[in-house]
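Novice: My structure file query_28.cif, mmCIF, C-alpha atoms, is below:
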```cif
data_start
#
loop_
_atom_site.label_atom_id
_atom_site.label_comp_id
_atom_site.auth_asym_id
_atom_site.auth_seq_id
_atom_site.Cartn_x
_atom_site.Cartn_y
_atom_site.Cartn_z
CA MET X 233 -0.64 -36.16 9.04
CA ASN X 234 0.68 -33.93 11.84
CA LYS X 235 4.17 -35.22 11.22
CA GLN X 236 3.86 -34.40 7.55
CA ILE X 237 2.59 -30.89 8.21
CA LEU X 238 5.41 -30.27 10.70
CA PHE X 239 7.88 -31.49 8.11
CA LYS X 240 6.40 -29.19 5.48
CA ALA X 241 6.42 -26.22 7.85
CA ALA X 242 10.06 -26.90 8.69
CA LEU X 243 10.86 -27.17 4.99
CA VAL X 244 9.19 -23.84 4.23
CA ILE X 245 11.04 -22.07 7.04
CA ALA X 246 14.40 -23.66 6.31
CA VAL X 247 14.26 -22.96 2.61
CA SER X 248 13.06 -19.40 3.11
CA ALA X 249 15.86 -18.69 5.55
CA ALA X 250 18.47 -20.30 3.35
CA SER X 251 17.39 -18.51 0.20
CA VAL X 252 17.65 -14.99 1.57
CA PRO X 253 21.47 -14.76 1.61
CA ALA X 254 21.68 -16.53 -1.74
CA MET X 255 19.45 -13.93 -3.31
CA ALA X 256 21.24 -11.06 -1.64
CA GLN X 257 24.57 -12.13 -3.11
CA SER X 258 23.39 -12.54 -6.64
CA GLY X 259 24.68 -10.43 -9.46
CA SER X 260 22.87 -8.83 -12.36
CA SER X 261 21.86 -10.04 -15.76
CA GLY X 262 23.43 -8.64 -18.83
CA SER X 263 21.56 -8.01 -22.03
CA SER X 264 22.42 -10.09 -25.04
CA GLY X 265 19.90 -10.99 -27.70
CA SER X 266 16.79 -12.28 -25.99
CA ALA X 267 18.48 -12.60 -22.60
CA GLY X 268 16.57 -10.99 -19.80
CA LEU X 269 13.21 -11.11 -21.56
CA GLY X 270 12.23 -14.42 -20.03
CA ILE X 271 12.19 -16.18 -23.38
CA ASP X 272 15.09 -18.50 -22.69
CA TYR X 273 13.45 -19.76 -19.51
CA GLY X 274 9.87 -19.60 -20.81
CA ALA X 275 9.80 -23.26 -21.72
CA LEU X 276 10.83 -24.20 -18.18
CA VAL X 277 7.50 -22.70 -17.09
CA ALA X 278 5.56 -24.05 -20.10
CA ALA X 279 6.71 -27.60 -19.44
CA SER X 280 6.22 -27.45 -15.69
CA GLY X 281 3.22 -26.87 -13.47
CA GLY X 282 2.84 -23.23 -14.47
CA GLY X 283 2.10 -23.85 -18.13
CA ASN X 284 1.12 -27.46 -17.77
CA PRO X 285 -1.01 -27.80 -14.61
CA PHE X 286 -1.98 -31.42 -15.23
CA THR X 287 1.48 -32.50 -14.08
CA ALA X 288 0.62 -31.22 -10.59
CA LEU X 289 -2.44 -33.41 -10.09
CA PRO X 290 -2.25 -36.08 -7.39
CA GLY X 291 -1.33 -39.51 -8.63
CA SER X 292 -2.65 -42.90 -7.68
CA SER X 293 -1.31 -42.56 -4.15
CA GLY X 294 -4.55 -40.85 -3.17
CA PRO X 295 -6.13 -37.42 -3.15
CA GLY X 296 -4.01 -36.04 -0.33
CA MET X 297 -3.99 -32.27 0.10
CA GLY X 298 -3.59 -31.91 -3.63
CA GLY X 299 -2.50 -28.31 -3.94
CA PRO X 300 -4.13 -25.56 -6.01
CA ILE X 301 -4.77 -27.62 -9.16
CA ALA X 302 -6.45 -30.43 -7.24
CA GLY X 303 -8.49 -27.67 -5.60
CA LEU X 304 -9.55 -26.43 -9.02
CA ALA X 305 -10.54 -29.93 -10.09
CA ARG X 306 -12.61 -30.51 -6.97
CA HIS X 307 -14.23 -27.08 -7.09
CA PHE X 308 -15.38 -27.35 -10.68
CA SER X 309 -16.31 -30.99 -10.33
CA ASN X 310 -18.51 -30.16 -7.34
CA ARG X 311 -19.97 -27.17 -9.14
CA GLY X 312 -20.96 -29.34 -12.08
CA ARG X 313 -22.54 -31.85 -9.73
CA ASP X 314 -24.47 -29.09 -7.95
CA LYS X 315 -25.81 -27.66 -11.19
CA LYS X 316 -27.04 -31.06 -12.25
CA MET Y 222 0.32 -1.73 -37.72
CA LYS Y 223 2.61 -4.22 -35.99
CA ALA Y 224 0.52 -4.04 -32.84
CA LYS Y 225 -2.70 -4.38 -34.84
CA ASN Y 226 -1.41 -7.51 -36.54
CA LYS Y 227 -0.45 -8.98 -33.18
CA ALA Y 228 -3.90 -8.27 -31.80
CA ILE Y 229 -5.58 -9.96 -34.75
CA LEU Y 230 -3.26 -12.95 -34.40
CA VAL Y 231 -3.99 -13.30 -30.69
CA SER Y 232 -7.74 -12.93 -31.14
CA GLY Y 233 -7.95 -15.48 -33.93
CA ALA Y 234 -5.81 -18.03 -32.14
CA LEU Y 235 -7.79 -17.72 -28.93
CA MET Y 236 -11.13 -18.09 -30.67
CA LEU Y 237 -9.96 -21.28 -32.33
CA ALA Y 238 -8.45 -22.68 -29.16
CA SER Y 239 -11.31 -21.81 -26.85
CA ALA Y 240 -14.21 -23.17 -28.91
CA PRO Y 241 -13.92 -26.80 -27.80
CA ALA Y 242 -13.18 -25.72 -24.23
CA TRP Y 243 -16.43 -23.81 -23.99
CA ALA Y 244 -18.24 -26.67 -25.63
CA GLN Y 245 -16.96 -29.14 -23.07
CA GLY Y 246 -16.32 -26.93 -20.08
CA GLY Y 247 -19.74 -26.90 -18.55
CA VAL Y 248 -20.39 -23.20 -17.98
CA GLY Y 249 -23.94 -23.88 -19.02
CA GLY Y 250 -24.17 -26.99 -16.95
CA ALA Y 251 -22.68 -29.33 -19.53
CA THR Y 252 -20.37 -30.83 -16.94
CA THR Y 253 -21.62 -34.30 -16.22
CA ALA Y 254 -22.60 -35.06 -12.68
CA SER Y 255 -20.63 -38.25 -12.71
CA ALA Y 256 -17.38 -36.61 -13.69
CA ALA Y 257 -14.89 -37.30 -10.96
CA ALA Y 258 -12.13 -34.81 -10.28
CA SER Y 259 -9.62 -37.44 -11.27
CA ASP Y 260 -11.07 -37.57 -14.78
CA LEU Y 261 -10.28 -33.94 -15.39
CA LYS Y 262 -7.03 -33.52 -17.26
CA GLY Y 263 -7.36 -30.29 -19.18
CA PHE Y 264 -6.41 -27.30 -17.04
CA ALA Y 265 -5.82 -23.72 -18.08
CA ALA Y 266 -2.55 -22.20 -16.93
CA PRO Y 267 -2.15 -19.90 -13.93
CA ALA Y 268 0.96 -18.13 -15.30
CA LEU Y 269 2.86 -17.31 -18.45
CA GLN Y 270 6.40 -16.52 -17.26
CA ALA Y 271 6.17 -16.33 -13.49
CA PRO Y 272 7.08 -19.45 -11.50
CA VAL Y 273 4.33 -21.10 -9.47
CA ALA Y 274 4.54 -23.22 -6.33
CA PHE Y 275 3.38 -26.52 -7.78
CA GLY Y 276 4.74 -28.81 -10.43
CA ALA Y 277 5.46 -32.30 -11.56
CA ARG Y 278 5.51 -35.21 -9.12
CA TRP Y 279 6.66 -38.79 -9.45
CA GLY Y 280 4.94 -40.29 -12.45
CA SER Y 281 4.17 -37.08 -14.30
CA PHE Y 282 5.96 -35.58 -17.25
CA GLY Y 283 5.50 -32.36 -19.14
CA ALA Y 284 6.66 -30.87 -22.41
CA GLY Y 285 6.26 -27.28 -23.43
CA VAL Y 286 7.24 -24.67 -25.95
CA TYR Y 287 7.35 -20.92 -25.40
CA GLY Y 288 7.62 -18.27 -28.06
CA GLN Y 289 7.61 -14.52 -28.11
CA THR Y 290 8.07 -11.65 -30.51
CA CYS Y 291 10.98 -9.37 -29.70
CA ASP Y 292 13.46 -6.92 -31.13
CA CYS Y 293 16.23 -9.31 -30.21
CA ASN Y 294 17.36 -10.90 -33.45
CA LYS Y 295 16.85 -10.91 -37.21
CA GLN Y 296 13.73 -13.03 -36.87
CA ASP Y 297 12.12 -10.60 -34.41
CA ALA Y 298 11.07 -13.63 -32.39
CA ASP Y 299 12.61 -16.27 -30.19
CA GLY Y 300 11.52 -19.22 -28.17
CA SER Y 301 12.47 -22.17 -26.05
CA LEU Y 302 11.48 -25.81 -25.81
CA GLY Y 303 11.32 -27.67 -22.50
CA LEU Y 304 10.77 -31.01 -20.81
CA ALA Y 305 9.97 -31.63 -17.15
CA PHE Y 306 9.48 -34.56 -14.84
CA GLY Y 307 8.90 -35.01 -11.14
CA LEU Y 308 10.39 -37.02 -8.30
CA GLY Y 309 8.66 -37.53 -4.96
CA ASP Y 310 5.20 -36.73 -3.68
CA PRO Y 311 4.31 -33.15 -2.64
CA ASP Y 312 1.30 -34.43 -0.67
CA LYS Y 313 3.44 -36.60 1.60
CA TYR Y 314 6.60 -34.53 1.97
CA ALA Y 315 7.96 -32.79 -1.09
CA ALA Y 316 8.57 -33.33 -4.77
CA LEU Y 317 11.40 -32.20 -6.97
CA GLU Y 318 10.54 -31.04 -10.45
CA VAL Y 319 13.42 -31.25 -12.89
CA SER Y 320 13.12 -29.36 -16.16
CA VAL Y 321 15.43 -28.74 -19.08
CA ALA Y 322 15.02 -26.13 -21.80
CA SER Y 323 16.63 -25.63 -25.17
CA SER Y 324 16.78 -21.89 -25.75
CA SER Y 325 17.26 -19.58 -28.73
CA LEU Y 326 15.05 -21.70 -30.96
CA PHE Y 327 14.73 -19.05 -33.64
CA GLY Y 328 18.28 -17.76 -33.51
CA ASP Y 329 19.91 -15.18 -31.32
CA THR Y 330 22.22 -12.64 -32.81
CA GLY Y 331 23.19 -11.47 -29.35
CA SER Y 332 24.66 -14.70 -28.09
CA GLY Y 333 25.43 -16.24 -31.47
CA ASP Y 334 23.57 -19.41 -30.60
CA SER Y 335 20.92 -20.96 -32.79
CA PHE Y 336 18.54 -23.90 -32.50
CA GLY Y 337 19.68 -26.45 -29.93
CA GLU Y 338 22.99 -24.79 -29.16
CA SER Y 339 22.08 -23.29 -25.82
CA GLY Y 340 19.89 -24.15 -22.91
CA SER Y 341 19.59 -24.61 -19.19
CA MET Y 342 17.93 -26.59 -16.44
CA GLY Y 343 15.47 -25.77 -13.71
CA PHE Y 344 14.84 -27.39 -10.35
CA LYS Y 345 11.81 -26.80 -8.14
CA LEU Y 346 11.27 -28.33 -4.72
CA HIS Y 347 7.58 -28.05 -3.96
CA THR Y 348 5.16 -29.22 -1.33
CA ASN Y 349 1.40 -29.05 -0.93
CA LEU Y 350 -0.15 -27.43 2.10
CA PRO Y 351 -3.65 -27.59 3.59
CA GLY Y 352 -6.31 -25.44 1.94
CA TYR Y 353 -5.29 -26.06 -1.66
CA ALA Y 354 -2.05 -24.17 -1.15
CA SER Y 355 1.52 -24.98 -2.02
CA PHE Y 356 5.01 -23.67 -1.49
CA ALA Y 357 8.10 -24.02 -3.62
CA VAL Y 358 11.66 -22.90 -3.91
CA GLY Y 359 13.51 -23.29 -7.14
CA VAL Y 360 16.11 -22.16 -9.58
CA ASN Y 361 15.73 -21.56 -13.29
CA GLY Y 362 18.57 -21.25 -15.75
CA THR Y 363 21.14 -23.32 -13.94
CA ALA Y 364 23.53 -25.80 -15.61
CA ARG Y 365 23.57 -23.61 -18.70
CA TRP Y 366 25.20 -24.69 -21.92
CA GLY Y 367 25.91 -22.74 -25.10
CA SER Y 368 28.09 -19.79 -26.01
CA ASP Y 369 29.76 -17.67 -23.39
CA GLY Y 370 27.47 -14.83 -24.44
CA PHE Y 371 24.41 -16.86 -23.65
CA LYS Y 372 25.75 -18.21 -20.39
CA ASN Y 373 26.93 -14.83 -19.17
CA ALA Y 374 23.71 -13.05 -20.09
CA ASN Y 375 21.35 -15.67 -18.66
CA LYS Y 376 22.23 -16.01 -15.01
CA SER Y 377 20.54 -18.61 -12.86
CA SER Y 378 17.54 -17.17 -11.05
CA VAL Y 379 16.49 -18.36 -7.61
CA TYR Y 380 12.93 -17.97 -6.39
CA ALA Y 381 10.62 -18.87 -3.54
CA VAL Y 382 6.90 -18.76 -4.14
CA ALA Y 383 3.55 -19.68 -2.57
CA SER Y 384 0.31 -20.42 -4.43
CA LYS Y 385 -3.26 -20.94 -3.32
CA MET Y 386 -6.60 -21.65 -4.95
CA PHE Y 387 -9.62 -19.65 -3.81
CA PRO Y 388 -13.21 -20.43 -4.85
CA VAL Y 389 -15.01 -17.33 -6.14
CA GLY Y 390 -18.64 -18.33 -6.30
CA ASP Y 391 -19.01 -20.60 -9.29
CA PHE Y 392 -15.55 -19.60 -10.43
CA ALA Y 393 -12.09 -19.83 -8.93
CA THR Y 394 -8.80 -18.04 -8.77
CA ILE Y 395 -5.21 -19.06 -8.18
CA LEU Y 396 -3.05 -16.44 -6.51
CA ASN Y 397 0.68 -16.74 -6.52
CA ILE Y 398 3.25 -14.58 -4.75
CA GLY Y 399 6.95 -14.88 -4.19
CA VAL Y 400 10.41 -13.40 -4.45
CA GLY Y 401 13.19 -14.03 -6.90
CA ASP Y 402 16.49 -12.68 -8.09
CA GLU Y 403 18.17 -12.12 -11.47
CA LEU Y 404 15.47 -12.64 -14.11
CA TYR Y 405 12.89 -11.93 -11.43
CA ASN Y 406 14.50 -8.66 -10.46
CA GLU Y 407 15.27 -5.36 -12.17
CA PRO Y 408 18.22 -5.61 -14.57
CA GLY Y 409 21.45 -4.62 -12.92
CA LYS Y 410 20.09 -4.81 -9.39
CA ASN Y 411 21.30 -7.20 -6.74
CA GLY Y 412 19.03 -8.98 -4.31
CA ALA Y 413 15.48 -10.11 -4.75
CA ASN Y 414 12.28 -8.61 -6.01
CA VAL Y 415 8.63 -9.47 -5.55
CA LEU Y 416 6.82 -11.49 -8.22
CA GLY Y 417 3.30 -12.74 -8.47
CA SER Y 418 0.39 -13.75 -10.61
CA ALA Y 419 -3.39 -13.89 -10.41
CA ALA Y 420 -5.42 -16.19 -12.61
CA PHE Y 421 -9.21 -16.15 -12.75
CA TYR Y 422 -10.81 -19.40 -13.86
CA PHE Y 423 -14.18 -19.27 -15.61
CA THR Y 424 -13.98 -23.04 -15.84
CA GLN Y 425 -11.03 -25.28 -15.16
CA GLN Y 426 -10.31 -25.03 -18.87
CA ILE Y 427 -10.37 -21.26 -19.36
CA SER Y 428 -8.46 -18.65 -17.39
CA VAL Y 429 -7.38 -15.06 -17.71
CA LEU Y 430 -4.24 -14.08 -15.91
CA ALA Y 431 -2.07 -11.14 -15.03
CA GLU Y 432 1.41 -11.42 -13.63
CA TYR Y 433 4.42 -9.41 -12.58
CA THR Y 434 7.68 -11.26 -12.99
CA GLY Y 435 9.73 -8.80 -11.00
CA ARG Y 436 10.69 -7.26 -14.31
CA PHE Y 437 7.70 -7.34 -16.66
CA THR Y 438 3.94 -7.08 -16.35
CA ASN Y 439 2.20 -9.62 -18.56
CA ALA Y 440 -1.38 -10.63 -19.29
CA ALA Y 441 -2.70 -13.70 -21.02
CA VAL Y 442 -5.62 -15.98 -21.70
CA SER Y 443 -5.14 -19.69 -21.24
CA VAL Y 444 -7.25 -22.48 -22.65
CA ALA Y 445 -7.21 -26.23 -22.25
CA PRO Y 446 -9.18 -27.21 -25.36
CA PHE Y 447 -9.91 -30.76 -24.23
CA ARG Y 448 -11.42 -31.79 -20.92
CA SER Y 449 -9.82 -35.19 -20.79
CA PHE Y 450 -6.51 -34.47 -22.50
CA PRO Y 451 -3.80 -32.43 -20.77
CA LEU Y 452 -3.06 -29.81 -23.42
CA THR Y 453 -2.76 -26.18 -22.36
CA VAL Y 454 -2.47 -23.21 -24.72
CA THR Y 455 -1.64 -19.79 -23.30
CA LEU Y 456 -1.50 -16.63 -25.39
CA GLY Y 457 -0.86 -13.13 -24.21
CA ALA Y 458 1.19 -9.99 -24.17
CA THR Y 459 4.39 -9.26 -22.29
CA ASN Y 460 5.96 -6.05 -21.09
CA LEU Y 461 2.67 -4.18 -20.91
CA GLY Y 462 4.49 -1.31 -19.25
CA GLU Y 463 6.87 -1.01 -22.19
CA ARG Y 464 9.77 -1.00 -19.76
CA TYR Y 465 13.46 -0.75 -20.56
CA GLY Y 466 12.68 0.85 -23.91
CA GLY Y 467 10.94 -2.28 -25.14
CA ASP Y 468 7.58 -2.70 -26.81
CA VAL Y 469 4.60 -4.78 -25.81
CA GLU Y 470 5.24 -8.19 -27.33
CA PHE Y 471 3.05 -11.14 -28.25
CA ALA Y 472 3.84 -14.35 -26.37
CA GLY Y 473 2.46 -17.84 -26.28
CA SER Y 474 3.13 -21.21 -24.76
CA VAL Y 475 1.85 -24.72 -25.32
CA GLY Y 476 2.19 -27.43 -22.70
CA VAL Y 477 1.25 -31.08 -22.75
CA GLY Y 478 1.45 -33.54 -19.88
CA TYR Y 479 1.54 -37.25 -19.26
CA ALA Y 480 1.20 -39.34 -16.12
CA PHE Y 481 1.68 -43.05 -15.61
CA ASN Y 482 0.23 -43.31 -12.13
#
```
Take the structure from the file and write it as C-alpha cells.

Specialist:
Amino acid sequence: MNKQILFKAALVIAVSAASVPAMAQSGSSGSSGSAGLGIDYGALVAASGGGNPFTALPGSSGPGMGGPIAGLARHFSNRGRDKK
Amino acid sequence: MKAKNKAILVSGALMLASAPAWAQGGVGGATTASAAASDLKGFAAPALQAPVAFGARWGSFGAGVYGQTCDCNKQDADGSLGLAFGLGDPDKYAALEVSVASSSLFGDTGSGDSFGESGSMGFKLHTNLPGYASFAVGVNGTARWGSDGFKNANKSSVYAVASKMFPVGDFATILNIGVGDELYNEPGKNGANVLGSAAFYFTQQISVLAEYTGRFTNAAVSVAPFRSFPLTVTLGATNLGERYGGDVEFAGSVGVGYAFN
C-alpha cells in the first residue's frame, strides 16, 4: 500500500510539474460555429466519469480506495443501513 | 419567451426523470439495509462540462450524448456523441480513460461540418487517493478530424484536476478543482485558468451542481432514474453570466455505462 501511495504521489507531482509549461505555451481558441462553447467536447465528459459516474466504480479487483464515486456509494449505503 | 420555453422544458424533463429516482432513492428510508455498495449502479453526475478527476477503468465503458442550445448555427442547437473506455486500475496505480466524440451533430455553419464529419479524442490519466479523493491529468479535443475550420477553432485543451467526496450529514458533496488551458481558459488568452465544480448529492441518484469551466458558469440538476442501472441524465443551463455577448443556454447530457468485471 505504501508503495502504491508513493507511486501515486510521484505521479501527481510529476504530471503537475510537466503540465505547467505545456499550458503556458498554449495558444488561443478561435470562434467558429459552436467552437469554444464546450459543445464539441461535451460528449467527452458525458461518456466519461463526469457524466457517467458508474464507469469509475471499482471493479472485481476489490474495493480499494475507490475514489469519490465509491465514497458516495459507501456513504449512502451506510446511511440506508443506519436508517433501517 | 425563449427563456420561458427553456425553463418549462427543463422543469418538465427533470420532473419526469427524477420521479423513479425519488421512488427508489431512499430519502425516506426506502434504501434496503441489505443493499451493498457494489449493487449501486445509478449515480447522478458531479459535472456538466467541467472535467473531473475520475473516470473509466479496465472493464468499464461509457457512452454519452451532450446537447445545447446556442446561436451558433441555423438549428440554434448543437451536440456531440461520445464513447469512453478505461485501461488500468486507478486503485492500484493509475488508469487511462480513452474517449472519442463525434461533434457538430446538428450541423455547424461555422465550420461547415455536419453529423459525423468532425470529432476528437480525449485522454485522462487518473488515480485514486486515500479519503475518497482522486487526481487526474488529461487532454480533451486532441486527434481532431473534420474541416480545417473545426480543427483550427477547437484546440486541444489540457487540464489537471483533483476531486474529493465529503459526507455532509445524511447527504454528500463532490468538490472538484483544477486548472486547464484553451477551452478551460478565457478566449484569446494563453496559459491556464482555474476550473471547478461542486455537486451536492441528496441521494446518490440526485444531485445539484454548479461549475466554472474557466470560461462559463453553469448549473444543472442530475438524476440517475434507476438504482441498479447506470443511466445518468443531467439538465441545466450554461453561461449563466451571459459572457462574451452570449445568452444563457439550455444544456443536457445523457450517459450510460457498462462494466464486465

Novice: With a distance cut-off of 7 Å and only C-alpha atoms, select the neighbouring residues of Y:Gly300, excluding the residue or stretch itself and same-chain residues fewer than 6 positions from it, and output the selection as a count of residues only.

Specialist: 9

Novice: Could you state the separation of atom CA of Y:Tyr479 and atom CA of Y:Gly283 in Å, given to one decimal place?

Specialist: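 Here the two named atoms are 6.3 Å from each other.
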
Novice: Would you translate the PyMOL selection byres ((chain Y and resi 346) around 9) into the concrete set of residues it matches in this file, as a list in words?

Specialist: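 What the PyMOL selection byres ((chain Y and resi 346) around 9) grabs from the file is Ala274, Phe275, Gly276, Pro311, Ala315, Ala316, Leu317, Glu318, Val319, Phe344, Lys345, His347, Thr348, Phe356, Ala357, Val358 and Gly359 of chain Y.
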
Novice: Let me know the residues the PyMOL selection byres ((chain Y and resi 263) around 10) catches in the file above, as a ChimeraX atom specification.

Specialist: /X:284-286,305 /Y:242,246,260-262,264-266,425-427,444-453,477-478

Novice: Using atom CA of Y:Ala440 and atom CA of Y:Ala374 as the two end points, give the distance in Å to one decimal.

Specialist: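 So the two atoms, atom CA of Y:Ala440 and atom CA of Y:Ala374, lie 25.2 Å apart.
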
Novice: Rank Y:Gly337, Y:Gly307, Y:Gly476, Y:Gly457 by their smallest atom-to-atom distance to chain X, using all atoms listed in the file, and report the top residue only.

Specialist: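 Answer, going by the shortest atom-to-atom distance: Y:Gly476.
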
Novice: Between atom CA of Y:Ala458 and atom CA of Y:Ala271, measure the distance and give it in Å to one decimal.

Specialist: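 One can read the atom CA of Y:Ala458 to atom CA of Y:Ala271 distance as 13.4 Å.
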